[in-house]
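This report refers to the structure that appears directly beneath it.
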Amino acid sequence: MPHQEQVMVHGNLCAGPPNNAGYNSNPVHFLIPYVLMAVFGGVPLFYMELALGQFHRTGAISIWKHICPIFKGIGFAICIIALYVSFYYNTIIAWALFYFYSSFSSTLPWTSCDNAWNTENCTNYFGKDNVTWTNYSRSPAEEFYTRNVLAVHESSGLGDVGYIRWQLMLCLFLIFTIVYFSLWKGVKTSGKVVWVTATLPYVVLLILMIRGATLPGAWKGVVFYLNPKWEKLKETSVWVDAAAQIFFSLGPGFGVLLALSSYNPFNNNCYRDAIVTSLVNCLTSFVSGFVIFTVLGYMAEQRNVNVEDVARDKGPSLLFITYPEAIANMVGSTFFAIIFFVMMITLGLDSTFGGLEAIITAVMDEYPDTLSHRRELFVLGLVVVCFLGSLSTLTNVSGAYVVKLLEEFGVGSPIIAIVFLEATAVSWFYGINRFSNDIKSMLGYTPGLFWKVCWVAISPAFLAYIIISSLLNPQPLTLFDYEFPDWSITVGYIIGASSFMWIPIYMVYKLVWTPGSLKQRLAVCLRPERTLPDIHTDSMGLSPIP
């Protein structure tokens, strides 16, 4: 069902796994593969999805009847992956809300080793002399996160389920309540909310960067950040990490770009949007590196160790251990803790709005007769399903491990494989010339040769490179010194297959139920049902914009 309502594209904390949570925690030598992967892979795919959504005016499922009907299973797979993301990603926001609540005290609870959850290994080195930091030492912030928030010390692993932590469940309920009332009326509501959730983090980043630059030892972190190690460029893992980070930060394949761009006016300059948004995203990652590394330099100064020893933490550990630990020992720690976790919550909500709107738009456009006047009920049902699915991540024993499992297997490889198929289907089956003509009908000019070459060859090769490298060099899955057992890896592969399998299933279904000979069936299944968008009211009954 075509859409006619223009919305602001949502920013995100992470469009994918939180390991790349909007913060570039890698030194400047990482920028070379990062920029190359952005120019030849991430930005072209970002532009492609914006143009597809804006031209065809529909969500991730029904758009395939306009492109190549046999690939419709990609839309169903995208929705399932978006569900998996909502199962664990909102739990991470709930952790941030728990920290936000805990910050309202004169002394932050992760400042000292005198709490009930602390152990004899807890070492508080701030403001003290002659403190020895060993491999067994644990900071107060680390023990607050692992023992008080997650309670992983009570766990023997994934096989031990445990009970749901009511504090985190209450935080999660509040998060989903905010999400529901931001989405229930449609993108007009979420579009207004996102003006706050997308702009506030930049104000907070500026404040934290200024504060970080005044910390003792901050210069060490900046030098480490800007001092390239050229030999690292010979390592395949650096290029794979760069490709994964730019891919997940820009977010093609998650259905968000298709959904939100489908509400843009038909003649909106999606080319300009793609370039500007990508530049802002990359510059934000670069600037946030200064925010992170000034603090890491400060911590290295306090611990009397090298910056690289402090900079090993990534993803949630960086957000919930390293940075809170530094904030706790600043002057005005309560204020900086509050604004830091406000930033995390708003960034997280921003990503959640986009992810769930992708599902809502896709499903409602696929079944307009049933759902067009029942949006509030459908959104309520979706939020309830997401809340119930998230409960497995809230247990005191295995919750954190479930988050890791969903992050690695529910999203990582499946979404990359899906975008590879999407790029291939658009460029080779729908046809690059037809796609270029679609863009010309919107913008008045066809894309340049660079974009066409990227869509046809370079971007698919970029995605194939990530997939093959990941398969050839699988990394052991660990969390807090816990190595995931073999049976959990098998479960992870099943989770990954549960989304991707709908692509071949739908292909078989389409071929079987299409009448005619095999040649005729293939011709029907590969031919777009229509190439020009229909203009009529959107799923909310709004009148079309001329």
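Residues are named by chain letter and number: chains run A, B, ... in the order of the structure tokens, numbers start at 1 in each chain, and ligands are numbered from 1 in the order shown.
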
Using only C-alpha atoms, tabulate the residues of range 206-319 of chain A lying at most 10 Å from any atom of range 472-493 of chain A, each with its closest atom pair and that distance in Å to one decimal, by chain and increasing residue number, as JSON lines.
{"residue": "A:Thr236", "atom": "CA", "partner": "A:Asn473", "partner_atom": "CA", "distance": 9.6}
{"residue": "A:Ser237", "atom": "CA", "partner": "A:Asn473", "partner_atom": "CA", "distance": 8.8}
{"residue": "A:Ser317", "atom": "CA", "partner": "A:Phe480", "partner_atom": "CA", "distance": 9.6}

Could you give me, as a Markdown table, every range 316-399 of chain A residue with an atom at most 12 Å from range 288-299 of chain A, plus its closest atom pair and distance in Å to one decimal, counting only C-alpha atoms, rows ordered by chain then number?
| residue | atom | partner | partner_atom | distance |
| --- | --- | --- | --- | --- |
| A:Leu318 | CA | A:Ile292 | CA | 8.9 |
| A:Leu319 | CA | A:Ile292 | CA | 9.8 |
| A:Ile321 | CA | A:Leu296 | CA | 11.6 |
| A:Thr322 | CA | A:Leu296 | CA | 7.8 |
| A:Tyr323 | CA | A:Val295 | CA | 7.2 |
| A:Pro324 | CA | A:Val295 | CA | 10.1 |
| A:Glu325 | CA | A:Met299 | CA | 8.5 |
| A:Ala326 | CA | A:Met299 | CA | 6.5 |
| A:Ile327 | CA | A:Val295 | CA | 8.5 |
| A:Ala328 | CA | A:Met299 | CA | 11.3 |
| A:Asn329 | CA | A:Met299 | CA | 9.7 |
| A:Met330 | CA | A:Tyr298 | CA | 10.2 |
| A:Phe340 | CA | A:Val291 | CA | 11.4 |

**OP:** Going by DSSP on the backbone, which bits of range 266-398 of chain A are helix (DSSP H, G or I)? Write them as a VMD selection string, please.
**Re:** chain A and resid 270 to 303 307 to 310 316 to 328 333 to 366 368 to 371 375 to 393

Subject >> Spatial neighbours of Leu83 in chain A, max dist 12 Å, only C-alpha atoms, sep filter under 2 positions, as a VMD selection string >> reply: chain A and resid 76 to 81 85 to 90 254 to 255 352 355 to 360 382 to 390 406 to 407 410 to 411 495 498 to 499

Keeping only N, CA, C and O atoms, take the residues you just selected and write them out as a CSV table (one decimal), in the first residue's frame.
chain,number,residue,atom,x,y,z
A,76,PHE,N,9.7,-11.5,4.5
A,76,PHE,CA,9.4,-12.3,5.7
A,76,PHE,C,10.6,-12.5,6.6
A,76,PHE,O,10.5,-12.4,7.8
A,77,ALA,N,11.7,-12.8,6.0
A,77,ALA,CA,13.0,-13.0,6.7
A,77,ALA,C,13.4,-11.7,7.5
A,77,ALA,O,13.8,-11.8,8.6
A,78,ILE,N,13.2,-10.6,6.8
A,78,ILE,CA,13.6,-9.3,7.4
A,78,ILE,C,12.7,-9.0,8.7
A,78,ILE,O,13.2,-8.6,9.7
A,79,CYS,N,11.4,-9.3,8.6
A,79,CYS,CA,10.5,-9.1,9.7
A,79,CYS,C,10.9,-10.0,10.9
A,79,CYS,O,10.8,-9.6,12.1
A,80,ILE,N,11.3,-11.3,10.6
A,80,ILE,CA,11.7,-12.2,11.7
A,80,ILE,C,13.0,-11.7,12.4
A,80,ILE,O,13.1,-11.7,13.6
A,81,ILE,N,13.9,-11.3,11.6
A,81,ILE,CA,15.1,-10.7,12.1
A,81,ILE,C,14.9,-9.5,13.0
A,81,ILE,O,15.4,-9.3,14.1
A,85,VAL,N,15.8,-8.8,16.9
A,85,VAL,CA,16.5,-7.6,17.4
A,85,VAL,C,15.7,-7.0,18.6
A,85,VAL,O,16.3,-6.6,19.6
A,86,SER,N,14.4,-7.0,18.4
A,86,SER,CA,13.6,-6.4,19.5
A,86,SER,C,13.6,-7.2,20.8
A,86,SER,O,13.5,-6.7,21.9
A,87,PHE,N,13.9,-8.5,20.6
A,87,PHE,CA,13.9,-9.4,21.8
A,87,PHE,C,15.1,-9.1,22.7
A,87,PHE,O,15.0,-9.2,23.9
A,88,TYR,N,16.3,-8.7,22.1
A,88,TYR,CA,17.5,-8.5,22.9
A,88,TYR,C,17.8,-7.0,23.0
A,88,TYR,O,18.4,-6.6,24.0
A,89,TYR,N,17.5,-6.2,22.0
A,89,TYR,CA,18.0,-4.8,21.9
A,89,TYR,C,17.3,-4.0,23.0
A,89,TYR,O,17.9,-3.2,23.6
A,90,ASN,N,16.0,-4.2,23.2
A,90,ASN,CA,15.2,-3.5,24.2
A,90,ASN,C,15.7,-3.9,25.6
A,90,ASN,O,15.5,-3.1,26.5
A,254,PHE,N,17.6,-4.1,7.2
A,254,PHE,CA,16.7,-4.3,8.3
A,254,PHE,C,15.3,-3.9,8.1
A,254,PHE,O,14.4,-4.0,9.0
A,255,GLY,N,15.0,-3.4,6.9
A,255,GLY,CA,13.6,-3.0,6.5
A,255,GLY,C,13.3,-1.6,7.0
A,255,GLY,O,12.2,-1.1,6.6
A,352,THR,N,14.8,1.4,18.1
A,352,THR,CA,13.6,0.5,18.3
A,352,THR,C,12.4,1.0,17.5
A,352,THR,O,11.7,0.2,16.9
A,355,GLY,N,13.1,-0.1,13.9
A,355,GLY,CA,13.0,-1.5,13.7
A,355,GLY,C,11.5,-2.0,13.8
A,355,GLY,O,11.1,-2.8,12.9
A,356,LEU,N,10.7,-1.6,14.7
A,356,LEU,CA,9.4,-2.0,14.8
A,356,LEU,C,8.5,-1.4,13.8
A,356,LEU,O,7.6,-2.0,13.3
A,357,GLU,N,8.8,-0.2,13.4
A,357,GLU,CA,8.0,0.4,12.3
A,357,GLU,C,8.3,-0.3,11.0
A,357,GLU,O,7.4,-0.4,10.1
A,358,ALA,N,9.4,-0.9,10.8
A,358,ALA,CA,9.7,-1.7,9.6
A,358,ALA,C,8.7,-2.9,9.6
A,358,ALA,O,8.2,-3.3,8.5
A,359,ILE,N,8.5,-3.6,10.8
A,359,ILE,CA,7.6,-4.7,10.8
A,359,ILE,C,6.2,-4.2,10.6
A,359,ILE,O,5.4,-4.8,9.8
A,360,ILE,N,5.8,-3.2,11.3
A,360,ILE,CA,4.4,-2.7,11.2
A,360,ILE,C,4.1,-2.3,9.7
A,360,ILE,O,3.1,-2.7,9.2
A,382,LEU,N,2.0,-6.6,18.6
A,382,LEU,CA,3.4,-6.7,18.3
A,382,LEU,C,4.3,-6.4,19.5
A,382,LEU,O,5.2,-7.1,19.8
A,383,VAL,N,3.9,-5.3,20.2
A,383,VAL,CA,4.7,-4.9,21.4
A,383,VAL,C,4.6,-6.0,22.5
A,383,VAL,O,5.6,-6.3,23.2
A,384,VAL,N,3.4,-6.6,22.7
A,384,VAL,CA,3.3,-7.7,23.6
A,384,VAL,C,4.1,-8.9,23.3
A,384,VAL,O,4.8,-9.5,24.1
A,385,VAL,N,4.1,-9.3,22.0
A,385,VAL,CA,5.0,-10.4,21.5
A,385,VAL,C,6.5,-10.1,21.8
A,385,VAL,O,7.2,-10.9,22.2
A,386,CYS,N,6.9,-8.9,21.5
A,386,CYS,CA,8.3,-8.5,21.7
A,386,CYS,C,8.6,-8.5,23.2
A,386,CYS,O,9.7,-8.9,23.6
A,387,PHE,N,7.7,-8.0,24.0
A,387,PHE,CA,7.9,-8.0,25.5
A,387,PHE,C,8.1,-9.5,26.0
A,387,PHE,O,9.0,-9.8,26.7
A,388,LEU,N,7.2,-10.4,25.5
A,388,LEU,CA,7.2,-11.8,26.0
A,388,LEU,C,8.5,-12.4,25.5
A,388,LEU,O,9.1,-13.2,26.2
A,389,GLY,N,8.9,-12.1,24.2
A,389,GLY,CA,10.1,-12.7,23.7
A,389,GLY,C,11.3,-12.2,24.4
A,389,GLY,O,12.4,-12.9,24.4
A,390,SER,N,11.3,-11.0,25.0
A,390,SER,CA,12.4,-10.5,25.7
A,390,SER,C,12.6,-11.1,27.1
A,390,SER,O,13.7,-10.9,27.7
A,406,LEU,N,21.5,-14.3,20.6
A,406,LEU,CA,20.6,-13.6,19.6
A,406,LEU,C,21.3,-12.6,18.8
A,406,LEU,O,21.1,-12.5,17.6
A,407,GLU,N,22.2,-11.9,19.5
A,407,GLU,CA,23.0,-10.8,18.8
A,407,GLU,C,23.9,-11.4,17.7
A,407,GLU,O,24.0,-10.9,16.6
A,410,GLY,N,21.1,-14.4,15.6
A,410,GLY,CA,19.8,-14.0,15.1
A,410,GLY,C,19.9,-12.9,14.1
A,410,GLY,O,19.0,-12.7,13.3
A,411,VAL,N,21.0,-12.1,14.1
A,411,VAL,CA,21.1,-10.9,13.3
A,411,VAL,C,22.3,-10.9,12.4
A,411,VAL,O,22.1,-10.7,11.2
A,495,ILE,N,18.6,-20.7,15.1
A,495,ILE,CA,18.0,-19.3,15.2
A,495,ILE,C,18.2,-18.6,13.9
A,495,ILE,O,17.3,-17.9,13.3
A,498,SER,N,16.2,-19.9,11.0
A,498,SER,CA,14.7,-19.7,11.2
A,498,SER,C,14.2,-18.5,10.5
A,498,SER,O,13.0,-18.4,10.1
A,499,SER,N,15.1,-17.6,10.2
A,499,SER,CA,14.7,-16.4,9.4
A,499,SER,C,15.0,-16.6,7.9
A,499,SER,O,14.2,-16.4,7.1

**OP:** Within 9 Å of Pro44 in chain A, counting only C-alpha atoms, which residues show up once you throw out same-chain ones fewer than 3 positions away? Write them as a ChimeraX atom specification, please.
**Re:** /A:38-41,47-49,274,451-452,454-455,459
